[in-house]
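Colleague: Coordinates in coords_9.pdb, PDB, C-alpha atoms, are listed below.
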ATOM      1  CA  ALA X   1      12.191  13.265 -16.363  1.00  0.00           C
ATOM      2  CA  ASP X   2      12.239  15.217 -13.123  1.00  0.00           C
ATOM      3  CA  GLY X   3      15.506  14.041 -11.631  1.00  0.00           C
ATOM      4  CA  LEU X   4      18.809  13.821 -13.425  1.00  0.00           C
ATOM      5  CA  LYS X   5      22.545  13.558 -12.698  1.00  0.00           C
ATOM      6  CA  THR X   6      25.110  12.921 -15.398  1.00  0.00           C
ATOM      7  CA  GLY X   7      28.749  12.108 -14.981  1.00  0.00           C
ATOM      8  CA  HIS X   8      31.908  10.935 -16.701  1.00  0.00           C
ATOM      9  CA  THR X   9      35.282   9.591 -15.618  1.00  0.00           C
ATOM     10  CA  GLN X  10      38.082   8.009 -17.635  1.00  0.00           C
ATOM     11  CA  LYS X  11      37.771   4.687 -15.769  1.00  0.00           C
ATOM     12  CA  SER X  12      33.986   4.303 -15.609  1.00  0.00           C
ATOM     13  CA  GLY X  13      32.872   6.107 -18.769  1.00  0.00           C
ATOM     14  CA  TYR X  14      29.635   8.045 -19.114  1.00  0.00           C
ATOM     15  CA  GLY X  15      26.915   7.557 -16.499  1.00  0.00           C
ATOM     16  CA  LEU X  16      23.457   8.763 -15.661  1.00  0.00           C
ATOM     17  CA  THR X  17      21.068   8.656 -12.733  1.00  0.00           C
ATOM     18  CA  ALA X  18      17.531   9.652 -13.731  1.00  0.00           C
ATOM     19  CA  SER X  19      14.004   9.668 -12.385  1.00  0.00           C
ATOM     20  CA  VAL X  20      10.750   9.887 -14.302  1.00  0.00           C
ATOM     21  CA  LYS X  21       7.149  10.011 -13.113  1.00  0.00           C
ATOM     22  CA  ALA X  22       4.689   8.187 -15.374  1.00  0.00           C
ATOM     23  CA  LYS X  23       1.209   9.475 -16.207  1.00  0.00           C
ATOM     24  CA  ASP X  24      -0.307   6.916 -13.817  1.00  0.00           C
ATOM     25  CA  GLY X  25       1.827   8.159 -10.901  1.00  0.00           C
ATOM     26  CA  ARG X  26       4.508   5.439 -10.984  1.00  0.00           C
ATOM     27  CA  ARG X  27       8.077   6.564 -10.468  1.00  0.00           C
ATOM     28  CA  LEU X  28      10.960   4.874 -12.282  1.00  0.00           C
ATOM     29  CA  ILE X  29      14.553   5.382 -11.222  1.00  0.00           C
ATOM     30  CA  MET X  30      17.456   4.366 -13.446  1.00  0.00           C
ATOM     31  CA  VAL X  31      21.199   4.240 -12.927  1.00  0.00           C
ATOM     32  CA  ILE X  32      23.524   3.399 -15.820  1.00  0.00           C
ATOM     33  CA  ASN X  33      27.279   3.653 -16.164  1.00  0.00           C
ATOM     34  CA  GLY X  34      30.149   2.532 -18.368  1.00  0.00           C
ATOM     35  CA  LEU X  35      28.909   3.961 -21.665  1.00  0.00           C
ATOM     36  CA  LYS X  36      31.346   5.190 -24.297  1.00  0.00           C
ATOM     37  CA  SER X  37      29.785   8.570 -25.238  1.00  0.00           C
ATOM     38  CA  MET X  38      27.135  11.114 -24.303  1.00  0.00           C
ATOM     39  CA  ASN X  39      25.056   9.998 -27.302  1.00  0.00           C
ATOM     40  CA  GLU X  40      25.230   6.339 -26.233  1.00  0.00           C
ATOM     41  CA  ARG X  41      24.279   7.363 -22.686  1.00  0.00           C
ATOM     42  CA  ALA X  42      21.243   9.323 -23.947  1.00  0.00           C
ATOM     43  CA  GLU X  43      20.094   6.512 -26.255  1.00  0.00           C
ATOM     44  CA  GLU X  44      20.443   3.763 -23.605  1.00  0.00           C
ATOM     45  CA  ALA X  45      18.621   5.912 -21.040  1.00  0.00           C
ATOM     46  CA  ARG X  46      15.755   6.514 -23.481  1.00  0.00           C
ATOM     47  CA  LYS X  47      15.488   2.788 -24.265  1.00  0.00           C
ATOM     48  CA  MET X  48      15.578   1.720 -20.607  1.00  0.00           C
ATOM     49  CA  MET X  49      12.969   4.248 -19.450  1.00  0.00           C
ATOM     50  CA  SER X  50      10.689   3.424 -22.389  1.00  0.00           C
ATOM     51  CA  TRP X  51      11.006  -0.292 -21.596  1.00  0.00           C
ATOM     52  CA  GLY X  52      10.233   0.258 -17.907  1.00  0.00           C
ATOM     53  CA  LEU X  53       7.201   2.429 -18.635  1.00  0.00           C
ATOM     54  CA  ALA X  54       5.837  -0.003 -21.236  1.00  0.00           C
ATOM     55  CA  ASN X  55       6.404  -3.263 -19.347  1.00  0.00           C
ATOM     56  CA  PHE X  56       5.622  -2.605 -15.674  1.00  0.00           C
ATOM     57  CA  GLN X  57       2.554  -1.465 -13.755  1.00  0.00           C
ATOM     58  CA  ASN X  58       1.421  -0.848 -10.191  1.00  0.00           C
ATOM     59  CA  SER X  59      -1.377  -2.815  -8.549  1.00  0.00           C
ATOM     60  CA  ASN X  60      -3.108  -1.460  -5.463  1.00  0.00           C
ATOM     61  CA  LEU X  61      -3.358  -4.528  -3.197  1.00  0.00           C
ATOM     62  CA  LEU X  62      -4.756  -2.678  -0.163  1.00  0.00           C
ATOM     63  CA  ASN X  63      -6.532   0.655  -0.280  1.00  0.00           C
ATOM     64  CA  THR X  64      -7.265   2.877   2.718  1.00  0.00           C
ATOM     65  CA  ASP X  65     -10.667   3.695   1.173  1.00  0.00           C
ATOM     66  CA  LYS X  66     -11.801   0.058   0.883  1.00  0.00           C
ATOM     67  CA  PRO X  67     -12.945  -1.818   4.016  1.00  0.00           C
ATOM     68  CA  VAL X  68     -11.385  -5.269   4.452  1.00  0.00           C
ATOM     69  CA  ALA X  69     -13.440  -6.367   7.474  1.00  0.00           C
ATOM     70  CA  GLU X  70     -16.377  -5.539   9.713  1.00  0.00           C
ATOM     71  CA  VAL X  71     -15.449  -5.911  13.357  1.00  0.00           C
ATOM     72  CA  GLU X  72     -18.058  -6.658  16.009  1.00  0.00           C
ATOM     73  CA  VAL X  73     -18.555  -3.830  18.513  1.00  0.00           C
ATOM     74  CA  TRP X  74     -19.552  -4.431  22.146  1.00  0.00           C
ATOM     75  CA  LEU X  75     -21.844  -1.895  23.798  1.00  0.00           C
ATOM     76  CA  GLY X  76     -21.759   0.479  20.854  1.00  0.00           C
ATOM     77  CA  LYS X  77     -24.530   2.346  19.039  1.00  0.00           C
ATOM     78  CA  ASN X  78     -23.499   0.327  15.969  1.00  0.00           C
ATOM     79  CA  LYS X  79     -23.095  -3.466  16.155  1.00  0.00           C
ATOM     80  CA  THR X  80     -20.057  -3.403  13.818  1.00  0.00           C
ATOM     81  CA  VAL X  81     -17.361  -1.035  12.621  1.00  0.00           C
ATOM     82  CA  LYS X  82     -15.810  -1.043   9.150  1.00  0.00           C
ATOM     83  CA  ALA X  83     -12.057  -1.640   9.219  1.00  0.00           C
ATOM     84  CA  VAL X  84      -9.584  -0.455   6.590  1.00  0.00           C
ATOM     85  CA  PRO X  85      -5.823  -0.752   6.055  1.00  0.00           C
ATOM     86  CA  GLY X  86      -3.766   1.945   7.768  1.00  0.00           C
ATOM     87  CA  LYS X  87      -1.907   2.584   4.508  1.00  0.00           C
ATOM     88  CA  ASP X  88      -2.117   1.669   0.850  1.00  0.00           C
ATOM     89  CA  LEU X  89      -0.090  -1.328  -0.312  1.00  0.00           C
ATOM     90  CA  ILE X  90       1.086  -0.956  -3.898  1.00  0.00           C
ATOM     91  CA  GLN X  91       3.077  -3.609  -5.761  1.00  0.00           C
ATOM     92  CA  THR X  92       5.040  -2.902  -8.950  1.00  0.00           C
ATOM     93  CA  HIS X  93       5.187  -5.880 -11.321  1.00  0.00           C
ATOM     94  CA  PRO X  94       5.483  -6.845 -14.997  1.00  0.00           C
ATOM     95  CA  ILE X  95       2.278  -6.079 -16.921  1.00  0.00           C
ATOM     96  CA  ALA X  96       2.167  -9.687 -18.167  1.00  0.00           C
ATOM     97  CA  ASP X  97       2.016 -11.063 -14.597  1.00  0.00           C
ATOM     98  CA  ASP X  98      -1.346 -11.595 -12.946  1.00  0.00           C
ATOM     99  CA  ILE X  99      -0.346 -10.611  -9.420  1.00  0.00           C
ATOM    100  CA  GLN X 100      -1.621 -12.941  -6.716  1.00  0.00           C
ATOM    101  CA  ALA X 101      -1.362 -11.812  -3.112  1.00  0.00           C
ATOM    102  CA  SER X 102      -3.238 -13.019  -0.052  1.00  0.00           C
ATOM    103  CA  SER X 103      -4.004 -11.207   3.185  1.00  0.00           C
ATOM    104  CA  VAL X 104      -4.951 -12.317   6.676  1.00  0.00           C
ATOM    105  CA  VAL X 105      -6.811  -9.916   8.960  1.00  0.00           C
ATOM    106  CA  ARG X 106      -6.276 -10.323  12.717  1.00  0.00           C
ATOM    107  CA  TYR X 107      -8.114  -8.549  15.523  1.00  0.00           C
ATOM    108  CA  GLN X 108      -9.554  -9.207  18.969  1.00  0.00           C
ATOM    109  CA  GLN X 109     -13.318  -9.078  18.997  1.00  0.00           C
ATOM    110  CA  PRO X 110     -15.558  -7.694  20.099  1.00  0.00           C
ATOM    111  CA  VAL X 111     -14.075  -4.221  20.331  1.00  0.00           C
ATOM    112  CA  LEU X 112     -15.427  -2.174  23.216  1.00  0.00           C
ATOM    113  CA  ALA X 113     -17.120   1.114  22.304  1.00  0.00           C
ATOM    114  CA  PRO X 114     -16.398   3.979  21.996  1.00  0.00           C
ATOM    115  CA  ILE X 115     -14.257   3.634  18.878  1.00  0.00           C
ATOM    116  CA  GLN X 116     -12.554   6.560  17.175  1.00  0.00           C
ATOM    117  CA  LYS X 117     -11.981   6.750  13.427  1.00  0.00           C
ATOM    118  CA  GLY X 118      -8.304   5.847  12.875  1.00  0.00           C
ATOM    119  CA  GLN X 119      -8.096   3.708  16.028  1.00  0.00           C
ATOM    120  CA  LYS X 120      -5.944   0.604  15.574  1.00  0.00           C
ATOM    121  CA  LEU X 121      -8.063  -2.548  15.751  1.00  0.00           C
ATOM    122  CA  GLY X 122      -5.574  -5.174  14.632  1.00  0.00           C
ATOM    123  CA  THR X 123      -3.249  -6.035  11.747  1.00  0.00           C
ATOM    124  CA  ILE X 124      -3.344  -7.144   8.124  1.00  0.00           C
ATOM    125  CA  THR X 125      -0.561  -9.474   6.995  1.00  0.00           C
ATOM    126  CA  THR X 126      -0.150  -9.729   3.207  1.00  0.00           C
ATOM    127  CA  LEU X 127       1.879 -12.420   1.434  1.00  0.00           C
ATOM    128  CA  LEU X 128       3.301 -10.997  -1.801  1.00  0.00           C
ATOM    129  CA  PRO X 129       4.098 -13.178  -4.831  1.00  0.00           C
ATOM    130  CA  ASP X 130       7.832 -13.085  -4.006  1.00  0.00           C
ATOM    131  CA  LYS X 131       6.974 -14.591  -0.547  1.00  0.00           C
ATOM    132  CA  THR X 132       7.587 -11.285   1.260  1.00  0.00           C
ATOM    133  CA  LEU X 133       5.276 -10.650   4.220  1.00  0.00           C
ATOM    134  CA  VAL X 134       4.036  -7.083   4.704  1.00  0.00           C
ATOM    135  CA  GLU X 135       2.206  -6.119   7.901  1.00  0.00           C
ATOM    136  CA  THR X 136      -0.140  -3.136   7.979  1.00  0.00           C
ATOM    137  CA  ASP X 137      -2.354  -1.751  10.742  1.00  0.00           C
ATOM    138  CA  LEU X 138      -6.080  -2.471  10.588  1.00  0.00           C
ATOM    139  CA  ILE X 139      -7.877   0.715  11.617  1.00  0.00           C
ATOM    140  CA  ALA X 140     -11.438   1.865  12.254  1.00  0.00           C
ATOM    141  CA  ALA X 141     -12.956   3.640   9.257  1.00  0.00           C
ATOM    142  CA  GLU X 142     -15.583   5.404  11.373  1.00  0.00           C
ATOM    143  CA  ASN X 143     -16.511   6.494  14.874  1.00  0.00           C
ATOM    144  CA  VAL X 144     -18.798   4.321  16.994  1.00  0.00           C
ATOM    145  CA  GLU X 145     -20.307   5.917  20.073  1.00  0.00           C
ATOM    146  CA  LYS X 146     -20.954   3.906  23.193  1.00  0.00           C
ATOM    147  CA  LEU X 147     -24.495   3.139  24.239  1.00  0.00           C
ATOM    148  CA  GLY X 148     -26.228   5.354  26.782  1.00  0.00           C
ATOM    149  CA  PHE X 149     -26.811   4.089  30.314  1.00  0.00           C
ATOM    150  CA  PHE X 150     -30.259   2.462  29.785  1.00  0.00           C
ATOM    151  CA  ALA X 151     -29.377   1.000  26.390  1.00  0.00           C
ATOM    152  CA  LYS X 152     -26.217  -0.439  27.942  1.00  0.00           C
ATOM    153  CA  ILE X 153     -28.251  -2.100  30.762  1.00  0.00           C
ATOM    154  CA  LYS X 154     -30.651  -3.564  28.180  1.00  0.00           C
ATOM    155  CA  ALA X 155     -27.750  -4.873  26.061  1.00  0.00           C
ATOM    156  CA  LEU X 156     -26.120  -6.469  29.087  1.00  0.00           C
ATOM    157  CA  LEU X 157     -29.379  -8.132  30.142  1.00  0.00           C
ATOM    158  CA  THR X 158     -30.241  -9.422  26.668  1.00  0.00           C
ATOM    159  CA  GLY X 159     -26.703 -10.372  25.616  1.00  0.00           C
ATOM    160  CA  GLY X 160     -26.760  -7.927  22.681  1.00  0.00           C
TER
END
Could you show the structure in this file as structure tokens?
Modeller:
Amino acid sequence: ADGLKTGHTQKSGYGLTASVKAKDGRRLIMVINGLKSMNERAEEARKMMSWGLANFQNSNLLNTDKPVAEVEVWLGKNKTVKAVPGKDLIQTHPIADDIQASSVVRYQQPVLAPIQKGQKLGTITTLLPDKTLVETDLIAAENVEKLGFFAKIKALLTGG
């Protein structure tokens, strides 16, 4: 545990607010109140944290290191640019659940060169199992330089 606040009042009994970071990086936060003794508070806290650690996991639904699309580039030295989520999307869920989420990627194409790594290209909308919609930026994973003058003329003349 790396965060802890205990308390007691006559009316509400013994309480505890605690935080623990699991080995896999998950953070669990617990708040309990209304217990009859310090020993009961300690035992209930141990049981709840153990249950949370044993029965829940995080799934990485979107990862900033994993491209989700290749976007067509107009007048660039590369014909496409890899696009990644602007931030990770992590969902905490019961271990027994096979999490099913779907994402829709939206962008205007083609994107005109030059393109800078980190440039916003569009959006990713993800539907979580609880029907929550989460929108994340779709960003360029790499730079794409624009074509030089003669290559640009050739591309314009040939449609490529």
Colleague: Could you please determine the separation between CA of Val84 in chain X and CA of Val134 in chain X in Å, to one decimal place?
Modeller: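 That distance, rounded to one decimal, is 15.3 Å.
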Colleague: Would you list the contacts of range 45-50 of chain X as a list in words, taking every protein, DNA or RNA residue within 10 Å and counting all atoms listed in the file, but skipping same-chain residues closer than 4 positions in sequence?
Modeller: Ala1, Gly15, Leu16, Thr17, Ala18, Ser19, Val20, Leu28, Ile29, Met30, Val31, Ile32, Asn39, Glu40, Arg41, Ala54 and Asn55 of chain X
Colleague: What separation in Å, quoted to one decimal, exists between CA of Leu138 in chain X and CA of Val105 in chain X?
Modeller: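 About the pair CA of Leu138 in chain X and CA of Val105 in chain X: they are 7.7 Å apart.
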Colleague: Between X:Ala101, X:Ala113, X:Ala155, X:Leu62, which residue has the minimum interatomic distance to Asp137 in chain X, considering all atoms listed in the file?
Modeller: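 Comparing X:Ala101, X:Ala113, X:Ala155, X:Leu62 against Asp137 in chain X, the winner is X:Leu62.
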Colleague: Evaluate the PyMOL selection byres ((chain X and resi 63-75) around 6) here and jot the selected residues down as a count of residues only.
Modeller: 17
Colleague: Expanded to explicit residues, what is the PyMOL selection byres ((chain X and resi 130) around 12) for this file, as an MDAnalysis selection string?
Modeller: chainID X and resid 91:93 99:102 126:129 131:134
Colleague: Here is a test: counting all atoms listed in the file, which residue of X:Leu53, X:Leu35, X:Ile139, X:Ile90 is nearest to Lys21 in chain X?
Modeller: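 Ranking X:Leu53, X:Leu35, X:Ile139, X:Ile90 by distance to Lys21 in chain X, first place goes to X:Leu53.
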Colleague: Using only the atoms of range 33-38 of chain X listed in the file, plus 3 Å on each side, state the axis-aligned box centre and edge lengths in Å rounded to one decimal, as lines of an AutoDock Vina configuration file.
Modeller:
center_x = 29.2
center_y = 6.8
center_z = -20.7
size_x = 10.2
size_y = 14.6
size_z = 15.1
Colleague: Report the distance between CA of Ile115 in chain X and CA of Asn143 in chain X in Å, rounded to one decimal place.
Modeller: 5.4 Å
Colleague: Suppose a student applies the PyMOL selection byres ((chain X and resi 95) around 8) to this structure; what residues should they get, written as an MDAnalysis selection string?
Modeller: chainID X and resid 55:57 93:94 96:98
